[in-house]
>>> print(open('data_17.tsv').read())   # TSV, C-alpha atoms and all ligand atoms
chain	number	residue	atom	x	y	z
A	27	MET	CA	-14.02	20.69	-7.10
A	28	GLU	CA	-15.54	18.09	-4.80
A	29	GLU	CA	-12.86	16.06	-3.04
A	30	LYS	CA	-13.42	12.32	-3.39
A	31	GLY	CA	-12.29	9.76	-0.87
A	32	GLY	CA	-10.81	6.28	-0.83
A	33	LEU	CA	-12.41	3.29	0.86
A	34	TYR	CA	-9.97	0.81	2.41
A	35	ILE	CA	-11.16	-2.58	3.65
A	36	HIS	CA	-8.81	-4.65	5.78
A	37	PHE	CA	-9.13	-8.44	5.57
A	38	PRO	CA	-7.03	-9.64	8.51
A	39	PHE	CA	-6.63	-13.34	7.71
A	40	CYS	CA	-3.89	-15.38	6.09
A	41	LYS	CA	-3.30	-19.10	5.67
A	42	ARG	CA	-0.51	-18.72	8.22
A	43	LYS	CA	1.54	-15.89	9.63
A	44	CYS	CA	4.73	-15.07	7.69
A	45	PRO	CA	7.74	-14.73	10.01
A	46	TYR	CA	8.63	-11.17	8.90
A	47	CYS	CA	5.11	-9.70	8.81
A	48	HIS	CA	4.27	-6.74	11.04
A	49	PHE	CA	0.78	-6.12	9.63
A	50	TYR	CA	-2.25	-7.04	11.67
A	51	SER	CA	-3.05	-10.48	10.28
A	52	ILE	CA	-3.79	-13.85	11.83
A	53	ALA	CA	-4.21	-17.41	10.55
A	54	GLY	CA	-7.87	-17.93	9.73
A	55	GLU	CA	-10.45	-20.14	8.09
A	56	ARG	CA	-13.72	-19.79	6.19
A	57	LYS	CA	-15.96	-19.59	9.28
A	58	MET	CA	-13.98	-16.56	10.50
A	59	PHE	CA	-14.09	-14.93	7.05
A	60	ARG	CA	-17.91	-15.08	7.08
A	61	LYS	CA	-18.04	-13.42	10.46
A	62	TRP	CA	-15.59	-10.74	9.30
A	63	LEU	CA	-17.77	-10.06	6.26
A	64	GLU	CA	-20.81	-9.65	8.49
A	65	GLY	CA	-18.78	-7.17	10.57
A	66	ILE	CA	-17.71	-5.19	7.50
A	67	VAL	CA	-21.34	-4.76	6.44
A	68	GLU	CA	-22.23	-3.64	9.98
A	69	GLU	CA	-19.36	-1.15	9.96
A	70	MET	CA	-20.50	0.22	6.59
A	71	LYS	CA	-23.96	0.74	8.09
A	72	LEU	CA	-22.45	2.63	11.03
A	73	HIS	CA	-20.61	4.95	8.63
A	74	SER	CA	-23.49	5.36	6.19
A	75	GLU	CA	-24.12	8.98	7.16
A	76	ILE	CA	-20.65	10.00	6.02
A	77	LYS	CA	-20.69	12.99	3.67
A	78	LEU	CA	-18.05	11.84	1.25
A	79	LYS	CA	-18.13	10.39	-2.23
A	80	PHE	CA	-15.70	7.47	-2.71
A	81	ASP	CA	-14.07	6.82	-6.06
A	82	THR	CA	-11.49	4.19	-5.09
A	83	ILE	CA	-11.81	0.92	-3.18
A	84	PHE	CA	-8.86	-1.13	-1.95
A	85	ILE	CA	-9.19	-4.51	-0.24
A	86	GLY	CA	-5.90	-5.18	1.53
A	87	GLY	CA	-4.69	-7.49	4.22
A	88	GLY	CA	-3.89	-10.07	5.26
A	89	SER	CA	-4.59	-12.25	2.25
A	90	PRO	CA	-7.82	-11.08	0.60
A	91	SER	CA	-7.32	-13.72	-2.11
A	92	LEU	CA	-8.79	-16.13	0.45
A	93	LEU	CA	-12.12	-14.40	-0.26
A	94	TYR	CA	-14.49	-15.94	-2.79
A	95	PRO	CA	-16.05	-13.94	-5.62
A	96	GLU	CA	-19.41	-13.97	-3.81
A	97	ASP	CA	-17.72	-12.29	-0.81
A	98	ILE	CA	-16.32	-9.54	-3.04
A	99	HIS	CA	-19.76	-9.18	-4.63
A	100	LYS	CA	-21.31	-8.76	-1.17
A	101	ILE	CA	-18.69	-6.16	-0.18
A	102	PHE	CA	-19.22	-4.14	-3.37
A	103	GLU	CA	-23.03	-4.34	-3.22
A	104	SER	CA	-23.05	-3.31	0.45
A	105	ALA	CA	-20.68	-0.41	-0.28
A	106	LYS	CA	-23.05	0.72	-3.05
A	107	LYS	CA	-25.96	0.49	-0.62
A	108	TYR	CA	-24.39	2.44	2.25
A	109	PHE	CA	-22.04	4.89	0.53
A	110	ASP	CA	-22.05	7.37	-2.29
A	111	LEU	CA	-19.79	5.61	-4.82
A	112	ASP	CA	-18.41	6.62	-8.17
A	113	VAL	CA	-15.68	3.99	-8.49
A	114	ILE	CA	-12.84	4.51	-10.94
A	115	GLU	CA	-10.44	2.03	-9.34
A	116	PHE	CA	-11.13	-1.13	-7.33
A	117	SER	CA	-7.96	-2.90	-6.18
A	118	MET	CA	-7.42	-6.12	-4.32
A	119	GLU	CA	-4.23	-7.60	-2.87
A	120	VAL	CA	-3.71	-11.23	-3.83
A	121	ASN	CA	-1.16	-13.93	-3.15
A	122	PRO	CA	-0.02	-15.85	-6.25
A	123	ASP	CA	-0.90	-19.25	-4.78
A	124	ILE	CA	-4.39	-19.61	-6.27
A	125	ARG	CA	-4.71	-21.96	-9.22
A	126	ASP	CA	-8.43	-21.69	-9.81
A	127	ARG	CA	-9.21	-19.76	-12.99
A	128	GLU	CA	-12.91	-19.55	-12.06
A	129	ILE	CA	-12.08	-17.70	-8.83
A	130	ILE	CA	-9.88	-15.18	-10.63
A	131	LYS	CA	-12.58	-14.63	-13.22
A	132	GLY	CA	-15.17	-14.32	-10.44
A	133	TRP	CA	-13.22	-11.57	-8.70
A	134	ARG	CA	-13.20	-9.55	-11.91
A	135	GLU	CA	-16.91	-10.16	-12.46
A	136	ALA	CA	-17.56	-9.05	-8.87
A	137	GLY	CA	-16.00	-5.67	-9.68
A	138	VAL	CA	-12.26	-5.89	-8.95
A	139	GLY	CA	-10.37	-4.09	-11.71
A	140	ARG	CA	-6.85	-3.84	-10.33
A	141	MET	CA	-4.86	-6.73	-8.91
A	142	SER	CA	-1.92	-6.21	-6.60
A	143	ILE	CA	0.03	-9.46	-6.59
A	144	GLY	CA	2.34	-10.00	-3.61
A	145	ILE	CA	5.13	-11.94	-5.33
A	146	GLN	CA	7.78	-10.51	-2.93
A	147	SER	CA	10.78	-12.24	-4.55
A	148	PHE	CA	11.77	-14.05	-7.73
A	149	ASP	CA	14.40	-16.03	-5.82
A	150	LYS	CA	13.19	-19.57	-5.12
A	151	ASN	CA	15.42	-19.98	-2.05
A	152	ILE	CA	14.17	-16.78	-0.49
A	153	LEU	CA	10.54	-17.68	-1.11
A	154	GLU	CA	11.19	-20.98	0.67
A	155	LYS	CA	12.87	-19.25	3.60
A	156	ILE	CA	9.98	-16.86	4.11
A	157	GLY	CA	7.47	-19.70	3.96
A	158	ARG	CA	5.78	-18.87	0.68
A	159	GLU	CA	3.87	-21.68	-0.99
A	160	TYR	CA	4.78	-20.87	-4.57
A	161	THR	CA	7.84	-20.74	-6.77
A	162	PRO	CA	8.78	-17.79	-9.02
A	163	THR	CA	7.50	-19.78	-12.01
A	164	LYS	CA	4.13	-20.34	-10.35
A	165	ALA	CA	3.90	-16.65	-9.47
A	166	ILE	CA	4.56	-15.72	-13.10
A	167	ASP	CA	1.96	-18.28	-14.27
A	168	PHE	CA	-0.54	-16.73	-11.86
A	169	PHE	CA	0.19	-13.29	-13.30
A	170	PHE	CA	-0.58	-14.51	-16.83
A	171	LEU	CA	-3.71	-16.28	-15.63
A	172	CYS	CA	-4.93	-12.92	-14.32
A	173	ARG	CA	-4.13	-11.31	-17.65
A	174	GLU	CA	-6.00	-14.07	-19.52
A	175	GLU	CA	-8.99	-13.47	-17.28
A	176	GLY	CA	-9.11	-9.86	-18.34
A	177	PHE	CA	-7.19	-7.92	-15.68
A	178	GLU	CA	-5.72	-4.95	-17.49
A	179	ASN	CA	-4.26	-3.26	-14.44
A	180	ILE	CA	-1.86	-5.40	-12.42
A	181	ASN	CA	0.68	-4.44	-9.80
A	182	VAL	CA	3.56	-6.66	-8.71
A	183	ASP	CA	4.70	-6.21	-5.09
A	184	LEU	CA	8.33	-7.01	-4.36
A	185	ILE	CA	10.53	-6.77	-1.28
A	186	ILE	CA	14.30	-6.26	-1.26
A	187	GLY	CA	16.68	-6.72	1.65
A	188	PHE	CA	15.94	-10.35	2.53
A	189	PRO	CA	18.78	-12.31	4.16
A	190	GLY	CA	20.77	-14.24	1.58
A	191	GLU	CA	19.78	-11.96	-1.30
A	192	ARG	CA	22.19	-12.29	-4.22
A	193	LYS	CA	23.92	-9.49	-6.04
A	194	ASP	CA	22.14	-10.33	-9.28
A	195	ASN	CA	18.69	-9.97	-7.61
A	196	PRO	CA	17.82	-6.66	-9.39
A	197	LYS	CA	18.87	-8.11	-12.76
A	198	LYS	CA	16.61	-11.15	-12.22
A	199	ILE	CA	13.71	-8.92	-11.20
A	200	ILE	CA	14.07	-6.73	-14.28
A	201	GLU	CA	14.29	-9.80	-16.57
A	202	ASN	CA	11.02	-11.11	-15.13
A	203	ILE	CA	9.30	-7.73	-15.26
A	204	LYS	CA	10.30	-7.50	-18.92
A	205	ILE	CA	8.61	-10.84	-19.59
A	206	MET	CA	5.50	-10.15	-17.52
A	207	GLU	CA	4.90	-6.53	-18.46
A	208	PRO	CA	2.86	-5.51	-15.39
A	209	ASP	CA	1.31	-2.06	-15.24
A	210	HIS	CA	2.75	-1.15	-11.87
A	211	VAL	CA	5.62	-2.34	-9.66
A	212	SER	CA	6.12	-1.67	-5.95
A	213	ILE	CA	9.57	-2.21	-4.45
A	214	TYR	CA	9.59	-2.23	-0.66
A	215	ILE	CA	12.59	-2.59	1.61
A	216	LEU	CA	12.29	-5.21	4.33
A	217	GLU	CA	11.88	-3.51	7.69
A	218	ASN	CA	10.21	-3.64	11.10
A	219	TYR	CA	10.79	-7.34	11.71
A	220	GLU	CA	12.52	-6.77	15.08
A	221	GLY	CA	10.94	-8.94	17.71
A	222	LEU	CA	9.31	-11.17	15.07
A	223	PRO	CA	10.32	-14.82	14.44
A	224	PHE	CA	12.18	-13.63	11.36
A	225	GLU	CA	14.78	-11.82	13.47
A	226	GLU	CA	16.47	-15.13	14.30
A	227	LEU	CA	16.85	-16.04	10.64
A	228	ALA	CA	18.08	-12.57	9.83
A	229	LYS	CA	20.75	-12.86	12.53
A	230	GLU	CA	21.76	-16.31	11.33
A	231	ILE	CA	22.09	-15.51	7.63
A	232	GLY	CA	22.72	-11.78	7.85
A	233	ILE	CA	20.61	-8.96	6.46
A	234	PRO	CA	22.18	-7.15	3.50
A	235	ASP	CA	23.75	-3.87	4.58
A	236	ASP	CA	22.49	-0.40	3.61
A	237	ASP	CA	24.98	-0.03	0.73
A	238	PHE	CA	23.90	-3.35	-0.78
A	239	ILE	CA	20.21	-2.40	-0.50
A	240	SER	CA	20.82	1.07	-1.87
A	241	GLN	CA	22.63	-0.40	-4.88
A	242	GLU	CA	19.76	-2.83	-5.47
A	243	TYR	CA	17.18	-0.05	-5.21
A	244	TYR	CA	18.90	2.28	-7.68
A	245	GLU	CA	19.61	-0.58	-10.08
A	246	LEU	CA	15.92	-1.45	-10.01
A	247	LYS	CA	14.93	2.18	-10.43
A	248	GLU	CA	17.11	2.46	-13.51
A	249	GLY	CA	15.96	-0.89	-14.90
A	250	LEU	CA	12.28	-0.08	-14.45
A	251	GLN	CA	12.67	3.39	-15.94
A	252	SER	CA	14.37	1.83	-18.97
A	253	LEU	CA	11.18	-0.26	-19.38
A	254	SER	CA	9.10	2.97	-19.42
A	255	PHE	CA	7.92	2.82	-15.84
A	256	ILE	CA	7.46	6.21	-14.24
A	257	HIS	CA	8.97	6.43	-10.77
A	258	TYR	CA	6.31	8.41	-8.91
A	259	GLU	CA	6.69	7.53	-5.23
A	260	ILE	CA	9.67	6.25	-3.21
A	261	SER	CA	8.54	2.62	-3.59
A	262	ASN	CA	6.25	2.84	-6.60
A	263	PHE	CA	6.62	2.70	-10.37
A	264	ALA	CA	3.82	2.83	-12.93
A	265	LYS	CA	3.23	2.73	-16.64
A	266	GLU	CA	1.63	5.86	-18.09
A	267	GLY	CA	-1.90	6.24	-16.69
A	268	LYS	CA	-1.49	3.36	-14.22
A	269	LYS	CA	-0.47	5.09	-10.99
A	270	CYS	CA	-2.39	3.68	-8.03
A	271	LEU	CA	-5.17	6.23	-7.54
A	272	HIS	CA	-6.11	4.87	-4.15
A	273	ASN	CA	-2.61	5.10	-2.70
A	274	LEU	CA	-2.19	8.55	-4.24
A	275	LYS	CA	-4.96	9.67	-1.89
A	276	TYR	CA	-2.70	8.91	1.09
A	277	TRP	CA	0.27	10.79	-0.32
A	278	ASN	CA	-1.85	13.71	-1.57
A	279	TYR	CA	-3.57	13.97	1.81
A	280	ASN	CA	-7.04	13.27	0.47
A	281	PRO	CA	-9.65	11.70	2.78
A	282	PHE	CA	-10.00	7.97	3.20
A	283	LEU	CA	-12.09	5.68	5.35
A	284	GLY	CA	-10.74	2.36	6.61
A	285	LEU	CA	-13.00	-0.54	7.56
A	286	GLY	CA	-12.05	-3.70	9.45
A	287	PRO	CA	-9.72	-4.39	12.37
A	288	SER	CA	-6.59	-2.20	12.41
A	289	ALA	CA	-7.76	-0.16	9.39
A	290	CYS	CA	-6.90	3.53	9.63
A	291	SER	CA	-8.96	6.50	8.46
A	292	ASN	CA	-8.20	10.14	7.78
A	293	LEU	CA	-11.18	12.39	7.31
A	294	ILE	CA	-9.00	15.52	7.20
A	295	GLY	CA	-9.15	17.08	10.63
A	296	LYS	CA	-9.64	13.78	12.37
A	297	ARG	CA	-7.87	10.49	11.98
A	298	TRP	CA	-7.95	7.19	13.83
A	299	CYS	CA	-7.25	3.49	13.54
A	300	ASN	CA	-9.65	0.69	14.41
A	301	VAL	CA	-8.51	-1.70	17.13
A	302	PRO	CA	-6.15	-4.38	15.78
A	303	ASP	CA	-8.22	-7.19	17.22
A	304	VAL	CA	-10.81	-8.96	15.10
A	305	GLU	CA	-12.91	-10.16	18.05
A	306	GLU	CA	-13.03	-6.78	19.78
A	307	TRP	CA	-13.73	-5.02	16.49
A	308	PHE	CA	-16.53	-7.49	15.61
A	309	LYS	CA	-18.16	-7.25	19.05
A	310	GLY	CA	-18.05	-3.46	18.77
A	311	VAL	CA	-19.65	-3.16	15.33
A	312	LYS	CA	-22.36	-5.69	16.27
A	313	GLU	CA	-23.19	-3.52	19.28
A	314	GLY	CA	-23.21	-0.38	17.16
A	315	GLU	CA	-19.84	0.99	18.18
A	316	ILE	CA	-16.63	1.13	16.14
A	317	LYS	CA	-13.79	0.40	18.56
A	318	LYS	CA	-11.01	2.83	17.72
A	319	GLU	CA	-7.61	3.75	19.02
A	320	GLU	CA	-5.24	6.60	18.30
A	321	ILE	CA	-8.04	9.09	17.65
A	322	VAL	CA	-6.31	12.35	16.73
A	323	GLU	CA	-8.02	15.70	16.18
A	324	LEU	CA	-5.86	17.84	13.93
A	325	ASN	CA	-5.63	21.58	13.58
A	326	LYS	CA	-4.57	23.26	10.33
A	327	PHE	CA	-0.91	23.32	11.32
A	328	ASP	CA	-0.88	19.58	12.18
A	329	MET	CA	-2.59	18.77	8.90
A	330	ALA	CA	-0.12	20.83	6.90
A	331	LYS	CA	2.82	19.08	8.58
A	332	GLU	CA	1.34	15.65	7.91
A	333	ALA	CA	0.64	16.61	4.30
A	334	ILE	CA	4.28	17.68	3.83
A	335	ILE	CA	5.59	14.40	5.18
A	336	LEU	CA	3.31	12.38	2.92
A	337	GLY	CA	3.71	14.66	-0.11
A	338	LEU	CA	7.49	14.46	0.00
A	339	ARG	CA	7.23	10.72	-0.60
A	340	LEU	CA	6.16	11.58	-4.14
A	341	VAL	CA	9.03	11.91	-6.58
A	342	ASP	CA	7.51	15.13	-7.95
A	343	GLY	CA	7.23	16.39	-4.39
A	344	ILE	CA	4.92	19.21	-3.36
A	345	LYS	CA	3.53	22.01	-5.49
A	346	ILE	CA	4.08	24.95	-3.17
A	347	SER	CA	1.34	27.30	-4.48
A	348	GLU	CA	-1.30	24.57	-4.44
A	349	PHE	CA	-0.25	23.56	-0.94
A	350	LYS	CA	-0.59	27.16	0.22
A	351	ARG	CA	-4.06	27.38	-1.24
A	352	ARG	CA	-5.19	24.09	0.29
A	353	PHE	CA	-3.72	24.47	3.76
A	354	ASP	CA	-3.25	28.23	4.02
A	355	PHE	CA	0.35	27.42	4.92
A	356	ASP	CA	3.55	28.76	3.42
A	357	ILE	CA	6.02	25.86	3.65
A	358	VAL	CA	9.02	27.87	2.54
A	359	LYS	CA	8.40	30.59	5.11
A	360	GLU	CA	7.44	28.32	8.02
A	361	PHE	CA	10.37	25.94	7.57
A	362	SER	CA	12.89	28.33	6.00
A	363	GLU	CA	15.80	27.39	8.27
A	364	ASN	CA	15.43	23.63	7.81
A	365	ILE	CA	14.75	23.95	4.10
A	366	ASN	CA	17.92	26.00	3.57
A	367	ARG	CA	19.98	23.46	5.45
A	368	LEU	CA	18.46	20.52	3.53
A	369	LYS	CA	19.23	22.36	0.30
A	370	GLU	CA	22.82	22.96	1.35
A	371	GLU	CA	23.12	19.28	2.26
A	372	ASN	CA	21.89	18.44	-1.25
A	373	LEU	CA	18.97	16.43	0.09
A	374	ILE	CA	16.13	18.42	-1.42
A	375	ILE	CA	15.48	20.61	-4.43
A	376	LEU	CA	13.49	23.78	-4.18
A	377	GLU	CA	12.43	25.13	-7.52
A	378	GLU	CA	10.10	28.01	-8.20
A	379	ASP	CA	6.90	26.18	-7.23
A	380	ARG	CA	8.10	22.74	-6.19
A	381	MET	CA	9.88	21.15	-3.29
A	382	ALA	CA	11.04	17.54	-3.56
A	383	ILE	CA	13.58	15.11	-2.20
A	384	ARG	CA	16.41	14.70	-4.70
A	385	GLU	CA	15.92	11.50	-6.67
A	386	ASP	CA	19.36	10.20	-5.74
A	387	LYS	CA	18.54	10.79	-2.05
A	388	LEU	CA	15.13	9.14	-1.89
A	389	LEU	CA	16.42	6.41	0.39
A	390	LEU	CA	17.40	9.10	2.89
A	391	SER	CA	13.80	10.32	3.08
A	392	ASN	CA	13.58	9.76	6.85
A	393	GLU	CA	16.48	12.16	7.39
A	394	VAL	CA	14.56	14.78	5.39
A	395	LEU	CA	11.13	14.19	6.87
A	396	VAL	CA	12.17	14.63	10.53
A	397	ASN	CA	12.78	18.28	9.67
A	398	PHE	CA	9.06	18.84	9.14
A	399	LEU	CA	7.74	17.19	12.29
B	1	LIG	S1	0.61	-13.18	3.59
B	1	LIG	FE1	1.13	-10.98	3.77
B	1	LIG	S2	-0.22	-10.18	5.36
B	1	LIG	FE2	-0.27	-12.44	5.52
B	1	LIG	S3	1.23	-12.92	7.10
B	1	LIG	FE3	2.26	-13.05	5.09
B	1	LIG	S4	3.14	-11.01	4.75
B	1	LIG	FE4	1.64	-10.82	6.40
>>> encode(input="data_17.tsv", output="structure tokens")
Amino acid sequence: MEEKGGLYIHFPFCKRKCPYCHFYSIAGERKMFRKWLEGIVEEMKLHSEIKLKFDTIFIGGGSPSLLYPEDIHKIFESAKKYFDLDVIEFSMEVNPDIRDREIIKGWREAGVGRMSIGIQSFDKNILEKIGREYTPTKAIDFFFLCREEGFENINVDLIIGFPGERKDNPKKIIENIKIMEPDHVSIYILENYEGLPFEELAKEIGIPDDDFISQEYYELKEGLQSLSFIHYEISNFAKEGKKCLHNLKYWNYNPFLGLGPSACSNLIGKRWCNVPDVEEWFKGVKEGEIKKEEIVELNKFDMAKEAIILGLRLVDGIKISEFKRRFDFDIVKEFSENINRLKEENLIILEEDRMAIREDKLLLSNEVLVNFL
């Protein structure tokens, strides 16, 4: 069967930089967005010879909700012009601080079918501390506005582990999820803020410890499962038929192409990231060159190792026979010593044709994954 790819488009602008954010994003305004869009079209042109059919599109950021419907229309039309598309999922990340119904409707009319709303927290005090311009109530109103405008596939992004988080945080989240009924929920744990302005605040108030976070995570897992969400990846939960097909491409080691500054690509055998600098990236694409860094050529063994590390993020883990067929690599034989030890330590399960991290050990995934490097 022909392997289809995912198209990722990175919009690097936000209204302002959040103190805990480690993504490549900068404060920007409309004039810069127009230039970025021109660059994206140029980059599409430069990749137009690619021999890959794309069936998912994901516009992430940054804050892509700063884009107007006509921008999304231009992106989609250009992608149709330069690539072979057969789109079954078109996602966009949005911040819940837009009040304009016409814009939400316009995004859907321009082709977006799946919204990923970055609510982050339902705690008003925490939202204030992290500089968000909305309250939990406004975020919930935004969610229903999206529903009213016809979005039938909505993800809610949440983060746990903020300083000052209360013990009843998971309970509050589950109560709100019950009211909203999204199709998908992502629960991330706050990390990588060292060296960012947020570190000061974290030191002042105190980051919850690992036990607190672990308790929150498993309480949320249980709560979401009781609401019929399927836990399918360490941080991701979906209603039946609503798993994120684009993100599944990363974990299943399928090819994807990233456009825009800092966007990464993996064309199976070769992967790279674009430079995380909008000016340098733009200058490059205008001159006919995509400025890249971290270009890595991979042999079969490297690919298999990367595919194990990504595949073990999935709750169902890796199907051993399929993996062997795809990568010509026998995981159990190649890593027998480490696998036996991980089994003895009760970190993984190895069934007849499946290897997975034990569900009650998912938060220890890093300890497991280092054994396959
Ligand atoms: S809105 Fe998102 S991408 Fe932008 S600075 Fe804040 S956390 Fe980072």
>>> residues_near_ligand(input="data_17.tsv", ligand="ligand LIG 1 (chain B)", cutoff="8 Å", atoms="all atoms listed in the file", output="ChimeraX atom specification")
/A:38-53,87-89,121,144
>>> residues_around(input="data_17.tsv", residues="Lys350 (chain A)", least_positions_apart="4", cutoff="12 Å", atoms="only C-alpha atoms", output="ChimeraX atom specification")
/A:326-327,330,333-334,344-346,354-360,379-380
>>> residues_around(input="data_17.tsv", residues="region 179-185 of chain A", least_positions_apart="6", cutoff="8 Å", atoms="all atoms listed in the file", output="number ranges by chain")
A: 139-147, 208-216, 268
>>> write_last_selection(input="data_17.tsv", atoms="C-alpha atoms", output="PDB file, in the frame of the given file")
ATOM      1  CA  GLY A 139     -10.370  -4.090 -11.710  1.00  0.00           C
ATOM      2  CA  ARG A 140      -6.850  -3.840 -10.330  1.00  0.00           C
ATOM      3  CA  MET A 141      -4.860  -6.730  -8.910  1.00  0.00           C
ATOM      4  CA  SER A 142      -1.920  -6.210  -6.600  1.00  0.00           C
ATOM      5  CA  ILE A 143       0.030  -9.460  -6.590  1.00  0.00           C
ATOM      6  CA  GLY A 144       2.340 -10.000  -3.610  1.00  0.00           C
ATOM      7  CA  ILE A 145       5.130 -11.940  -5.330  1.00  0.00           C
ATOM      8  CA  GLN A 146       7.780 -10.510  -2.930  1.00  0.00           C
ATOM      9  CA  SER A 147      10.780 -12.240  -4.550  1.00  0.00           C
ATOM     10  CA  PRO A 208       2.860  -5.510 -15.390  1.00  0.00           C
ATOM     11  CA  ASP A 209       1.310  -2.060 -15.240  1.00  0.00           C
ATOM     12  CA  HIS A 210       2.750  -1.150 -11.870  1.00  0.00           C
ATOM     13  CA  VAL A 211       5.620  -2.340  -9.660  1.00  0.00           C
ATOM     14  CA  SER A 212       6.120  -1.670  -5.950  1.00  0.00           C
ATOM     15  CA  ILE A 213       9.570  -2.210  -4.450  1.00  0.00           C
ATOM     16  CA  TYR A 214       9.590  -2.230  -0.660  1.00  0.00           C
ATOM     17  CA  ILE A 215      12.590  -2.590   1.610  1.00  0.00           C
ATOM     18  CA  LEU A 216      12.290  -5.210   4.330  1.00  0.00           C
ATOM     19  CA  LYS A 268      -1.490   3.360 -14.220  1.00  0.00           C
TER      20      LYS A 268
END
>>> residues_near_point(input="data_17.tsv", point="(5.2, 2.7, -13.9)", cutoff="8 Å", atoms="all atoms listed in the file", output="compact mmCIF listing (two decimals) with C-alpha atoms, keeping the file's coordinate frame")
# COMPACT_ATOMS: atom_id res chain seq x y z
CA ASP A 209 1.31 -2.06 -15.24
CA HIS A 210 2.75 -1.15 -11.87
CA VAL A 211 5.62 -2.34 -9.66
CA LEU A 250 12.28 -0.08 -14.45
CA GLN A 251 12.67 3.39 -15.94
CA SER A 254 9.10 2.97 -19.42
CA PHE A 255 7.92 2.82 -15.84
CA ILE A 256 7.46 6.21 -14.24
CA HIS A 257 8.97 6.43 -10.77
CA TYR A 258 6.31 8.41 -8.91
CA ASN A 262 6.25 2.84 -6.60
CA PHE A 263 6.62 2.70 -10.37
CA ALA A 264 3.82 2.83 -12.93
CA LYS A 265 3.23 2.73 -16.64
CA GLU A 266 1.63 5.86 -18.09
CA LYS A 268 -1.49 3.36 -14.22
CA LYS A 269 -0.47 5.09 -10.99
>>> atom_distance(input="data_17.tsv", atom1="CA of Asn278 (chain A)", atom2="CA of Ser91 (chain A)")
28.0 Å
>>> atom_distance(input="data_17.tsv", atom1="CA of Lys71 (chain A)", atom2="CA of Tyr276 (chain A)")
23.8 Å
>>> residues_around(input="data_17.tsv", residues="region 105-107 of chain A", least_positions_apart="2", cutoff="9 Å", atoms="all atoms listed in the file", output="list of chain:residue names")
A:Val67, A:Met70, A:Lys71, A:Ser74, A:Lys100, A:Ile101, A:Phe102, A:Glu103, A:Phe109, A:Asp110, A:Leu111
>>> closest_residue(input="data_17.tsv", among="A:Asp167, A:Asp342, A:Glu393, A:Glu55", to="Leu376 (chain A)", atoms="only C-alpha atoms")
A:Asp342
>>> atom_distance(input="data_17.tsv", atom1="CA of Glu348 (chain A)", atom2="CA of Leu293 (chain A)")
19.6 Å
>>> residues_around(input="data_17.tsv", residues="Lys61 (chain A)", least_positions_apart="6", cutoff="12 Å", atoms="all atoms listed in the file", output="NGL selection string")
:A and (37-39 or 54-55 or 67-68 or 97 or 286 or 304-305 or 307-309 or 311-312)
>>> closest_residue(input="data_17.tsv", among="A:Ile239, A:Leu373, A:Cys172, A:Cys290", to="Pro196 (chain A)", atoms="only C-alpha atoms")
A:Ile239
>>> closest_residue(input="data_17.tsv", among="A:Leu283, A:Ala289, A:Leu368, A:Leu389", to="Ser261 (chain A)", atoms="all atoms listed in the file")
A:Leu389
>>> closest_residue(input="data_17.tsv", among="A:Glu319, A:Asp112, A:Glu313, A:Asp237", to="Asn300 (chain A)", atoms="only C-alpha atoms")
A:Glu319
>>> closest_residue(input="data_17.tsv", among="A:Arg351, A:Arg192, A:Arg297, A:His36", to="Glu119 (chain A)", atoms="all atoms listed in the file")
A:His36
>>> build_atoms(input="data_17.tsv", residues="region 354-363 of chain A", atoms="N, CA and C atoms", output="compact mmCIF listing (two decimals), keeping the file's coordinate frame")
# COMPACT_ATOMS: atom_id res chain seq x y z
N ASP A 354 -3.50 26.88 3.54
CA ASP A 354 -3.25 28.23 4.02
C ASP A 354 -1.93 28.24 4.82
N PHE A 355 -0.91 27.66 4.21
CA PHE A 355 0.35 27.42 4.92
C PHE A 355 1.50 27.59 3.94
N ASP A 356 2.42 28.50 4.30
CA ASP A 356 3.55 28.76 3.42
C ASP A 356 4.75 27.92 3.89
N ILE A 357 4.97 26.81 3.21
CA ILE A 357 6.02 25.86 3.65
C ILE A 357 7.37 26.55 3.71
N VAL A 358 7.68 27.29 2.66
CA VAL A 358 9.02 27.87 2.54
C VAL A 358 9.28 28.87 3.67
N LYS A 359 8.24 29.61 4.03
CA LYS A 359 8.40 30.59 5.11
C LYS A 359 8.46 29.89 6.48
N GLU A 360 7.53 28.96 6.70
CA GLU A 360 7.44 28.32 8.02
C GLU A 360 8.67 27.47 8.35
N PHE A 361 9.24 26.85 7.31
CA PHE A 361 10.37 25.94 7.57
C PHE A 361 11.66 26.46 6.93
N SER A 362 11.78 27.77 6.78
CA SER A 362 12.89 28.33 6.00
C SER A 362 14.27 27.84 6.45
N GLU A 363 14.47 27.80 7.77
CA GLU A 363 15.80 27.39 8.27
C GLU A 363 16.13 25.95 7.86
